[in-house]
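Student: I am attaching a structure below and will ask some questions about it afterwards.
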Amino acid sequence: MQLTEEVAQRVVAALARPRWHSPDPTLLARFLQKEADENRKLVQWGIRAAVLSYVAYGFFDWFLFPDIADRLVLTRVTLGISSLALVELIARRSFALATLHLVAALAIVVGAVGWLLSALGTGHQAALSQFMVFGTMFILGANLFFNFRFWLSAISSATVTISFIGAALFSLQTDIVGRLVLSAYFVNCLVLSLYLSWRLSVERYQTFLHALRAQIQEQAAIKKGQKLTEIADTDPLTGMKNRRAIIREFSEMRNEWATDDDEIGLILIDVDYFKRFNDGLGHQAGDDCLIKLAHVLSETAASNNAIAARYGGEEFVVLCKVTGRAHLNELAQQFCRAVEDLHIHHPDRGDKLNIVTISAGASLTRADQSMELRILLQEADRALYTSKFAGRATFTIYDPLATDLDRSSENLSELLKLAVSKQLVSVAYQPICDLASGRVLGHETLMRVCDFDGTMISPSVFIPVAEQTGAIVELGTWLIDQACSDMVEYGLGSVVTANVSVRQLKAPNFSLRITEILGRHGLAPQKLAIEITEGSDIFLEAQAVRNMERLRNLGVQIWLDDFGTGFAGLSWLRRFKFDVVKIDRSFLHDCQTSRGLSLLQDMVGLLRNLDHAVLAEGVETEEQQMLLQRLGVHSIQGFLTGYPVPIEEISQARPGLVA
């Protein structure tokens, strides 16, 4: 019988009943079945020990009853060996436990009564009256040593007791007082052992009920945990795996990577002109479209032993084991064709096609590449953008040496020059929270850039191009200006942060422009923090160092971002006092291994010893949060505390939470 809801209800009812009430027959049967194997062994070993003891007591027969010693010893040996043989036969033939118990109880009664009848013929009646007290061993054995059902214990022990009392009262040739005392002793022994037998039976049954209830609760907790994990790993709209699940799937796939010859392929999929689809047909039609796409992508993935997930918005991601670029190329083509075969009408594409299509970018693990999901995603992102510049409804496999990526960068650089004037750039804010209190301390400012058709361009794609072309200077200044404006108008906590590149810091007038922005908005300098990403040694750039010092003297906070990912981090800590050091998310996500956990502990300890405030990035689970609390991290940032959202969503959804 499985641990069903009916069993759970029976257990609750049984535990609520007084102990002297009869047990639930269904649960009792389960209890007896559970103890069957253990009781079967107990009976076998118990009878062996009892027979050995029974025969050994023949030694006393030789000294106490020499007139009939040979008969008594023969009786013991005959009855003992016969009982043992019968019990062993029944046990080895796998008879029911009830039959084995019945035979064992009968052996106890026969052994006791058989010896008693033989011993009554002795002429040494005084010795017999004293030696008869050992008859209580049979009573105790029936009641306490074999885990018989209570009724069987009662019948067998009562039979032995009545036999010995009858012999004491009517057959012993001693004074009446001795016979009465002996009889009373047997009665007391019976009553006490029966009570103990009942109590032990009840306690064993109650222990079984409590264990069963604990097992039911454990199963319920496991099911609830599995359900919560399933909910946490499932996209609510499409029912696919979500970003959290794909991170875990990649980790498992990476662990298997070393044991097989396959490579890990990642395909990043984006729905072409989806914003226009939504605007033209409405968000409900957009949701229906995503559900249909999710279904066909999941089916295609399953047929290729791949894993598909919704990565966010109109983006999907596929993880797969492939034998090489040709295999990955074939899979990407299958996904594109599967979506086209749906023939979902698109009213406003701006090209000759009138159906919904997808663009895809794919990346493949390489021997010279770090096995990290974020690297594969960055490469797939760049390949995806190449597909979009190639006219969409196609796919691109990332190749570091390919010229197509260079051409897409050229097109993107032209877009970035117009991003501010054409209002293609926007801001998202992600909360930074105090780990001890959970209070929102401030927000990080994150730049967002969209294409001319409204499609969002990943930061991993446009940031490198902006750095190379110098567009990052204008974009970065606009970002800080917008952050200061929103800080004054909406209040974003005690600090708002913005990432600043080395190229921006090297600009001679950078500190003056920041001073002008703060003055124009009337924002206190300490409410702005600039984040400098650990990379090339910035302290070799004299102008950058001067700008950092000027901003520090002005009161602007200087934070070190992505600590641990570059080569210059420790030297930076020696030469400059950062207000906050942000530990890169990769160190937190590597804590599943003892080596990764030890590295994070050492890193936090080092920063705390140097008196730096420590912020951990990439916090996504409560387990990670509790780990960081134990390590003494000051503040956290990640999807657990909040996703990057526009300023309007912060002012509407998080009123009163900022300090």
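Starting from 1 in every chain, residues are counted up; chains themselves are A, B, ... following the order of the structure tokens, and ligands are numbered from 1 as listed.
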Find the residues near Lys422 in chain A: any atom within 12 Å, counting only C-alpha atoms, skip ones fewer than 5 places away on the same chain, and give them as a list of chain:residue names.
Tutor: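 Counting only the stated atoms, we get A:Glu414, A:Leu415, A:Leu416, A:Lys417, A:Val449, A:Cys450, A:Asp451, A:Phe452, A:Asp453, A:Gly454.
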Student: Can you list every residue in range 37-274 of chain A that DSSP puts in strand (DSSP E), as a list of chain:residue names?
Tutor: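 Residues of range 37-274 of chain A classed as strand (DSSP E): A:Glu263, A:Ile264, A:Gly265, A:Leu266, A:Ile267, A:Leu268, A:Ile269, A:Asp270, A:Val271.
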Student: Mind dumping the selected residues with N, CA and C atoms as a compact mmCIF listing (two decimals), in the first residue's frame?
Tutor:
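So result_37.txt came out as:
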```txt
# COMPACT_ATOMS: atom_id res chain seq x y z
N GLU A 263 30.63 18.03 -28.09
CA GLU A 263 30.78 19.41 -27.67
C GLU A 263 29.42 19.95 -27.25
N ILE A 264 29.43 21.05 -26.51
CA ILE A 264 28.18 21.70 -26.10
C ILE A 264 27.90 22.84 -27.06
N GLY A 265 26.74 22.81 -27.65
CA GLY A 265 26.31 23.88 -28.54
C GLY A 265 25.22 24.70 -27.90
N LEU A 266 25.23 25.99 -28.14
CA LEU A 266 24.20 26.89 -27.63
C LEU A 266 23.62 27.69 -28.79
N ILE A 267 22.31 27.67 -28.91
CA ILE A 267 21.62 28.42 -29.97
C ILE A 267 20.74 29.46 -29.30
N LEU A 268 20.99 30.72 -29.61
CA LEU A 268 20.19 31.83 -29.09
C LEU A 268 19.23 32.28 -30.19
N ILE A 269 17.94 32.29 -29.88
CA ILE A 269 16.89 32.53 -30.88
C ILE A 269 16.14 33.79 -30.51
N ASP A 270 15.87 34.62 -31.50
CA ASP A 270 15.10 35.84 -31.30
C ASP A 270 14.02 35.91 -32.38
N VAL A 271 12.80 36.29 -31.97
CA VAL A 271 11.68 36.38 -32.91
C VAL A 271 11.82 37.68 -33.70
```
Student: Residues within 6 Å of Ile532 in chain A, please, as a PyMOL selection string. Count only C-alpha atoms; anything in the same chain fewer than 3 positions from it doesn't count.
Tutor: chain A and resi 500+560-561
Student: Report as a VMD selection string: the residues of range 522-653 of chain A with a DSSP assignment of helix (DSSP H, G or I), based on the backbone of this structure.
Tutor: chain A and resid 525 to 527 538 to 540 542 to 554 569 to 575 585 to 589 594 to 609 622 to 631 647 to 653
Student: Considering only C-alpha atoms, return as a PyMOL selection string whatever protein or nucleic-acid residues lie within 12 Å of Asp584 in chain A, sequence-local ones (same chain, fewer than 2 positions apart) excluded.
Tutor: chain A and resi 533-534+560-566+569+581-582+586-590+600+603-604+614-619+636-638
Student: Name the closest residue to Leu475 in chain A among the candidates A:His210, A:Lys34, A:Val427, A:Val440; distances are taken between atoms, counting only C-alpha atoms.
Tutor: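 Once distances to Leu475 in chain A are computed over only C-alpha atoms, the minimum belongs to A:Val427.
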Student: Using only C-alpha atoms, which of the listed residues (A:Glu649, A:Phe134, A:Phe146, A:Thr75) sits closest to Lys41 in chain A?
Tutor: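 Of the candidates, the smallest distance to Lys41 in chain A is held by A:Phe146.
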Student: Do you know which residues are at most 7 Å from Ala308 in chain A counting only C-alpha atoms, after dropping those on the same chain fewer than 2 positions away, and could you put them as a PDB file with N, CA, C and O atoms, in the first residue's frame?
Tutor:
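Okay, this is what ended up in out34.pdb:
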```pdb
ATOM      1  N   LYS A 241      11.248  25.528 -19.814  1.00  0.00           N
ATOM      2  CA  LYS A 241      12.262  25.868 -18.820  1.00  0.00           C
ATOM      3  C   LYS A 241      12.590  27.349 -18.960  1.00  0.00           C
ATOM      4  O   LYS A 241      12.464  27.922 -20.045  1.00  0.00           O
ATOM      5  N   LEU A 297       9.441  24.759 -30.705  1.00  0.00           N
ATOM      6  CA  LEU A 297      10.860  24.720 -30.341  1.00  0.00           C
ATOM      7  C   LEU A 297      11.142  23.579 -29.368  1.00  0.00           C
ATOM      8  O   LEU A 297      12.178  22.911 -29.468  1.00  0.00           O
ATOM      9  N   SER A 298      10.223  23.352 -28.424  1.00  0.00           N
ATOM     10  CA  SER A 298      10.397  22.254 -27.464  1.00  0.00           C
ATOM     11  C   SER A 298      10.349  20.909 -28.170  1.00  0.00           C
ATOM     12  O   SER A 298      11.135  20.002 -27.865  1.00  0.00           O
ATOM     13  N   ALA A 301      13.551  20.460 -30.132  1.00  0.00           N
ATOM     14  CA  ALA A 301      14.648  20.173 -29.209  1.00  0.00           C
ATOM     15  C   ALA A 301      14.586  18.736 -28.710  1.00  0.00           C
ATOM     16  O   ALA A 301      15.605  18.032 -28.674  1.00  0.00           O
ATOM     17  N   ALA A 306      17.941  17.722 -27.239  1.00  0.00           N
ATOM     18  CA  ALA A 306      18.410  19.041 -26.808  1.00  0.00           C
ATOM     19  C   ALA A 306      17.446  19.599 -25.758  1.00  0.00           C
ATOM     20  O   ALA A 306      16.405  19.010 -25.465  1.00  0.00           O
ATOM     21  N   VAL A 317      16.520  29.968 -25.898  1.00  0.00           N
ATOM     22  CA  VAL A 317      17.870  29.415 -25.934  1.00  0.00           C
ATOM     23  C   VAL A 317      17.776  27.896 -25.984  1.00  0.00           C
ATOM     24  O   VAL A 317      16.872  27.294 -25.392  1.00  0.00           O
ATOM     25  N   VAL A 318      18.680  27.284 -26.720  1.00  0.00           N
ATOM     26  CA  VAL A 318      18.728  25.827 -26.856  1.00  0.00           C
ATOM     27  C   VAL A 318      20.124  25.356 -26.480  1.00  0.00           C
ATOM     28  O   VAL A 318      21.126  25.904 -26.962  1.00  0.00           O
ATOM     29  N   LEU A 319      20.196  24.347 -25.604  1.00  0.00           N
ATOM     30  CA  LEU A 319      21.449  23.678 -25.265  1.00  0.00           C
ATOM     31  C   LEU A 319      21.444  22.294 -25.888  1.00  0.00           C
ATOM     32  O   LEU A 319      20.436  21.577 -25.800  1.00  0.00           O
TER      33      LEU A 319
END
```
Student: Near Leu384 in chain A, counting only C-alpha atoms, which residues have an atom at most 7 Å away, once you skip same-chain residues fewer than 6 positions from it, shown as JSON, numbers by chain?
Tutor: {"A": [268, 359, 360, 361, 395, 396]}
Student: Would you list the contacts of range 341-345 of chain A as a PyMOL selection string, taking every protein, DNA or RNA residue within 8 Å and counting only C-alpha atoms, but skipping same-chain residues closer than 2 positions in sequence?
Tutor: chain A and resi 289+337-339+347+354-356
Student: Convert the current residue selection to file output with N, CA and C atoms, as an mmCIF file, in the first residue's frame.
Tutor:
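Listed below is the output, again37.cif:
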```cif
data_model
loop_
_atom_site.group_PDB
_atom_site.id
_atom_site.type_symbol
_atom_site.label_atom_id
_atom_site.label_comp_id
_atom_site.auth_asym_id
_atom_site.auth_seq_id
_atom_site.Cartn_x
_atom_site.Cartn_y
_atom_site.Cartn_z
ATOM 1 N N CYS A 289 1.397 33.823 -29.803
ATOM 2 C CA CYS A 289 2.483 33.513 -30.739
ATOM 3 C C CYS A 289 3.656 32.873 -30.005
ATOM 4 N N ARG A 337 13.456 26.402 -39.668
ATOM 5 C CA ARG A 337 12.432 25.837 -40.551
ATOM 6 C C ARG A 337 11.166 25.464 -39.779
ATOM 7 N N ALA A 338 11.347 24.945 -38.572
ATOM 8 C CA ALA A 338 10.174 24.546 -37.781
ATOM 9 C C ALA A 338 9.265 25.732 -37.495
ATOM 10 N N VAL A 339 9.856 26.896 -37.214
ATOM 11 C CA VAL A 339 9.049 28.091 -36.954
ATOM 12 C C VAL A 339 8.386 28.586 -38.233
ATOM 13 N N PRO A 347 1.626 40.879 -39.684
ATOM 14 C CA PRO A 347 1.025 41.955 -40.490
ATOM 15 C C PRO A 347 1.971 43.090 -40.861
ATOM 16 N N ASN A 354 5.623 37.572 -44.871
ATOM 17 C CA ASN A 354 4.436 37.937 -44.097
ATOM 18 C C ASN A 354 4.121 36.912 -43.016
ATOM 19 N N ILE A 355 5.132 36.172 -42.619
ATOM 20 C CA ILE A 355 4.971 35.193 -41.543
ATOM 21 C C ILE A 355 6.009 35.463 -40.453
ATOM 22 N N VAL A 356 5.765 34.882 -39.277
ATOM 23 C CA VAL A 356 6.704 35.008 -38.170
ATOM 24 C C VAL A 356 7.907 34.102 -38.432
#
```
Student: If you measure from CA of Leu331 in chain A to CA of Asn305 in chain A, what distance in Å do you get, rounded to one decimal?
Tutor: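 Going from CA of Leu331 in chain A over to CA of Asn305 in chain A covers 10.8 Å.
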Student: Check the smallest atom-to-atom distance from each of A:Leu140, A:Met447, A:Leu353, A:Ile650 to Gly491 in chain A using only C-alpha atoms, then report the winner.
Tutor: A:Ile650
Student: Using only C-alpha atoms, which of A:Gly111, A:Ala142, A:Ala69, A:Glu5 sits nearest Tyr54 in chain A?
Tutor: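 Of all the options, A:Gly111 lies closest to Tyr54 in chain A.
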